[in-house]
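The file target-v1.txt comes next; it holds compact mmCIF, C-alpha atoms.
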```txt
# COMPACT_ATOMS: atom_id res chain seq x y z
CA MET A 1 -12.34 27.87 -3.14
CA ILE A 2 -14.57 30.91 -2.90
CA ASN A 3 -15.01 32.91 -6.10
CA ARG A 4 -14.01 36.52 -5.63
CA ALA A 5 -16.42 39.26 -6.71
CA ILE A 6 -13.75 41.26 -8.58
CA PHE A 7 -12.45 38.27 -10.58
CA GLN A 8 -14.26 38.90 -13.87
CA ASN A 9 -13.72 42.67 -13.92
CA LEU A 10 -10.04 42.28 -13.11
CA LYS A 11 -9.63 39.60 -15.78
CA ASN A 12 -11.44 41.69 -18.41
CA ASP A 13 -9.34 44.76 -17.66
CA LEU A 14 -6.14 42.74 -17.86
CA LEU A 15 -7.11 41.21 -21.22
CA HIS A 16 -8.67 44.24 -22.88
CA SER A 17 -6.92 47.27 -21.43
CA ASN A 18 -3.51 48.67 -22.19
CA LYS A 19 -3.12 49.82 -18.58
CA ILE A 20 -1.13 48.29 -15.76
CA ILE A 21 -3.39 46.38 -13.38
CA VAL A 22 -2.60 46.93 -9.70
CA LEU A 23 -4.13 44.67 -7.05
CA TYR A 24 -3.82 45.91 -3.47
CA GLY A 25 -4.91 44.06 -0.37
CA ALA A 26 -4.01 43.14 3.17
CA ARG A 27 -1.88 40.11 3.81
CA GLN A 28 -3.59 36.76 3.37
CA THR A 29 -6.63 38.10 1.51
CA GLY A 30 -5.89 35.96 -1.55
CA LYS A 31 -4.17 38.39 -3.95
CA THR A 32 -1.71 35.82 -5.26
CA THR A 33 -4.38 33.13 -5.48
CA LEU A 34 -6.65 35.45 -7.44
CA ALA A 35 -3.81 36.49 -9.75
CA ASP A 36 -2.89 32.82 -10.30
CA GLN A 37 -6.51 32.04 -11.23
CA ILE A 38 -6.51 34.81 -13.82
CA ILE A 39 -3.08 33.88 -15.15
CA SER A 40 -4.03 30.21 -15.51
CA SER A 41 -6.68 31.14 -18.08
CA PHE A 42 -4.38 33.57 -19.91
CA GLU A 43 -3.37 32.48 -23.37
CA GLY A 44 0.19 33.54 -23.93
CA ARG A 45 3.59 33.48 -22.29
CA VAL A 46 3.62 34.58 -18.65
CA LEU A 47 6.58 35.69 -16.56
CA LYS A 48 5.84 35.39 -12.84
CA ILE A 49 8.11 37.41 -10.57
CA ASN A 50 8.14 37.08 -6.80
CA ALA A 51 9.65 40.33 -5.54
CA ASP A 52 10.66 38.59 -2.33
CA GLU A 53 13.49 37.08 -4.41
CA LEU A 54 16.55 39.33 -4.49
CA LYS A 55 17.53 38.44 -8.06
CA TYR A 56 14.54 40.38 -9.41
CA ILE A 57 14.95 43.46 -7.25
CA ASP A 58 18.15 44.51 -9.01
CA VAL A 59 16.60 44.22 -12.47
CA PHE A 60 13.25 45.87 -11.73
CA SER A 61 14.74 48.75 -9.75
CA SER A 62 17.46 49.53 -12.30
CA ARG A 63 15.73 52.10 -14.53
CA ASP A 64 17.51 50.22 -17.31
CA PHE A 65 15.17 49.06 -20.06
CA ASN A 66 17.85 46.81 -21.57
CA LYS A 67 18.17 44.90 -18.28
CA MET A 68 14.42 44.56 -17.87
CA SER A 69 13.85 43.61 -21.50
CA LEU A 70 16.22 40.65 -21.14
CA LEU A 71 13.73 39.19 -18.66
CA VAL A 72 10.47 40.13 -20.33
CA ASP A 73 11.51 39.52 -23.95
CA GLY A 74 8.95 37.28 -25.65
CA GLN A 75 6.49 37.43 -22.76
CA ASP A 76 2.86 38.46 -23.15
CA LEU A 77 2.15 39.03 -19.46
CA LEU A 78 4.36 40.16 -16.60
CA PHE A 79 3.09 39.36 -13.10
CA ILE A 80 4.97 40.89 -10.17
CA ASP A 81 3.87 39.68 -6.74
CA GLU A 82 4.74 41.80 -3.68
CA ALA A 83 5.79 44.70 -5.92
CA GLN A 84 6.20 47.07 -2.97
CA ARG A 85 9.50 45.34 -2.20
CA ILE A 86 11.11 46.75 -5.37
CA PRO A 87 12.58 50.25 -5.04
CA ASP A 88 11.40 52.66 -7.76
CA ILE A 89 8.91 50.09 -9.07
CA GLY A 90 6.62 52.82 -10.41
CA ILE A 91 9.15 54.48 -12.70
CA ASN A 92 10.43 51.10 -13.86
CA LEU A 93 6.92 49.94 -14.78
CA LYS A 94 6.47 53.22 -16.67
CA ILE A 95 9.68 52.55 -18.61
CA LEU A 96 8.45 49.06 -19.47
CA GLN A 97 4.98 50.19 -20.50
CA ASP A 98 6.33 53.01 -22.66
CA ALA A 99 8.75 50.69 -24.46
CA LEU A 100 6.47 47.62 -24.62
CA PRO A 101 2.86 48.83 -24.74
CA GLU A 102 1.64 45.39 -25.82
CA LEU A 103 3.01 43.75 -22.64
CA LYS A 104 0.24 43.09 -20.13
CA ILE A 105 1.34 43.90 -16.57
CA LEU A 106 -0.29 42.77 -13.32
CA VAL A 107 1.23 43.71 -9.97
CA THR A 108 0.14 42.90 -6.43
CA GLY A 109 1.10 44.46 -3.16
CA SER A 110 0.07 43.96 0.42
CA SER A 111 1.45 47.20 1.73
CA PHE A 112 -1.00 49.71 0.29
CA PHE A 113 0.79 52.85 1.40
CA ASP A 114 4.22 51.60 0.35
CA LEU A 115 3.12 50.44 -3.09
CA ALA A 116 0.70 53.32 -3.68
CA GLY A 117 3.43 55.82 -2.88
CA LYS A 118 5.86 54.13 -5.24
CA ILE A 119 3.56 53.90 -8.24
CA SER A 120 0.97 56.67 -8.03
CA GLU A 121 3.04 59.59 -9.34
CA PRO A 122 5.03 57.89 -12.13
CA LEU A 123 2.03 55.89 -13.31
CA THR A 124 -0.68 58.54 -13.16
CA GLY A 125 -3.33 57.62 -15.71
CA ARG A 126 -1.60 54.35 -16.59
CA THR A 127 -3.17 52.01 -14.04
CA ILE A 128 -6.41 50.33 -13.14
CA THR A 129 -6.47 49.68 -9.41
CA TYR A 130 -8.35 47.04 -7.46
CA THR A 131 -8.45 46.39 -3.74
CA LEU A 132 -9.06 42.85 -2.52
CA TYR A 133 -10.72 42.75 0.88
CA PRO A 134 -11.28 39.71 3.09
CA PHE A 135 -14.23 37.61 1.96
CA SER A 136 -17.50 39.46 1.73
CA LEU A 137 -20.79 37.98 2.81
CA THR A 138 -21.90 38.05 -0.84
CA GLU A 139 -18.88 35.96 -1.88
CA ILE A 140 -19.42 33.44 0.90
CA ARG A 141 -23.19 33.33 0.34
CA ALA A 142 -22.65 32.25 -3.29
CA GLN A 143 -21.21 28.95 -2.03
CA LYS A 144 -22.61 28.41 1.45
CA SER A 145 -26.09 28.25 2.89
CA ILE A 146 -27.34 30.70 5.48
CA PHE A 147 -27.12 27.90 8.02
CA GLU A 148 -23.45 27.23 7.17
CA ILE A 149 -22.62 30.92 7.35
```
Rewrite the structure from the file as structure tokens, please.
Amino acid sequence: MINRAIFQNLKNDLLHSNKIIVLYGARQTGKTTLADQIISSFEGRVLKINADELKYIDVFSSRDFNKMSLLVDGQDLLFIDEAQRIPDIGINLKILQDALPELKILVTGSSFFDLAGKISEPLTGRTITYTLYPFSLTEIRAQKSIFEI
């Protein structure tokens, strides 16, 4: 596995910031893998949501804190993968963050324009955003020789 250049910064922001961490990137760039690496070293209870699953779309598009809190109650970190699939995800994340400021939130999305449009206005000033690109030469060079590259 190739270590990603943004790993440490993303991990530090997730652990030490009270902002929602948003990880954008094209399909198959390793967003979920990177998030799983960070989550695996997280000390605390983690709720992993795959927004491809319909059962979560209803809850996280509801604008109903009581509904959402039933899922996140007792969790230290909420990870939502493919967040762009959830209607009104931005306002719902705002509701969660306002009510549970101690809850760490990490969301990923492969559709930059869809997800950015859904979260930018309701979450203005509440996010730290990262973009994961395909492997850079620097990332590959850290593990491969010039000859191998």
Item to check | Residues within 9 Å of Ile128 (chain A), all atoms listed in the file, excluding chain neighbours under 2 positions, as a PyMOL selection string | outcome: chain A and resi 10+13-14+17+19-23+125-126+130
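Nearest residue to Phe79 (chain A), choosing from A:Leu106, A:Leu93, A:Ala99, A:Leu34 and counting only C-alpha atoms: A:Leu106.
The closest residue to Pro122 (chain A), picked from A:Ile95, A:Leu15, A:Leu47, A:Leu71 and counting all atoms listed in the file, is A:Ile95.
Here CA of Gln8 (chain A) stands at a distance of 16.6 Å from CA of Ile140 (chain A).
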Checklist entry - Can you tell me, as number ranges by chain, which residues sit within 9 Å of (-11.3, 38.2, -7.9) in the file's frame, using only C-alpha atoms? => result A: 3-11, 30-31, 33-35, 37-38, 132
Next on the checklist: For Gly44 (chain A), find every residue with an atom within 8 Å (counting all atoms listed in the file), except residues of its own chain fewer than 3 positions away, and show them as a list in words.
Outcome noted: Gln75, Asp76 and Leu77 of chain A
Checklist entry - Which distance in Å separates CA of Val46 (chain A) and CA of Val107 (chain A), to one decimal? => result 12.8 Å
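A straight line drawn from CA of Asn12 (chain A) to CA of Gln97 (chain A) is 18.6 Å long.
Between Leu96 (chain A) and the candidates A:Phe65, A:Tyr56, A:Phe147, A:Phe135, the tightest atom-to-atom separation, counting only C-alpha atoms, involves A:Phe65.
Distance annotation: of A:Glu148, A:Asp81, A:Asp73, A:Asp98, the residue with the minimal separation from Ile49 (chain A) is A:Asp81; atom set is only C-alpha atoms.
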I'd like the box whose edges run along x, y and z of the file and which contains every listed atom of region 82-85 of chain A, padded by 5 Å per side; could you state its centre and edge lengths in Å, one decimal, as JSON?
```
{"center_x": 7.1, "center_y": 44.4, "center_z": -4.1, "size_x": 14.8, "size_y": 15.3, "size_z": 13.7}
```
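Residues in contact with Asn18 (chain A) at 9 Å, where only C-alpha atoms are counted and same-chain residues fewer than 6 positions away are skipped, are listed as Gln97, Pro101, Glu102, Leu103, Lys104, Ile105, Arg126 and Thr127 of chain A.
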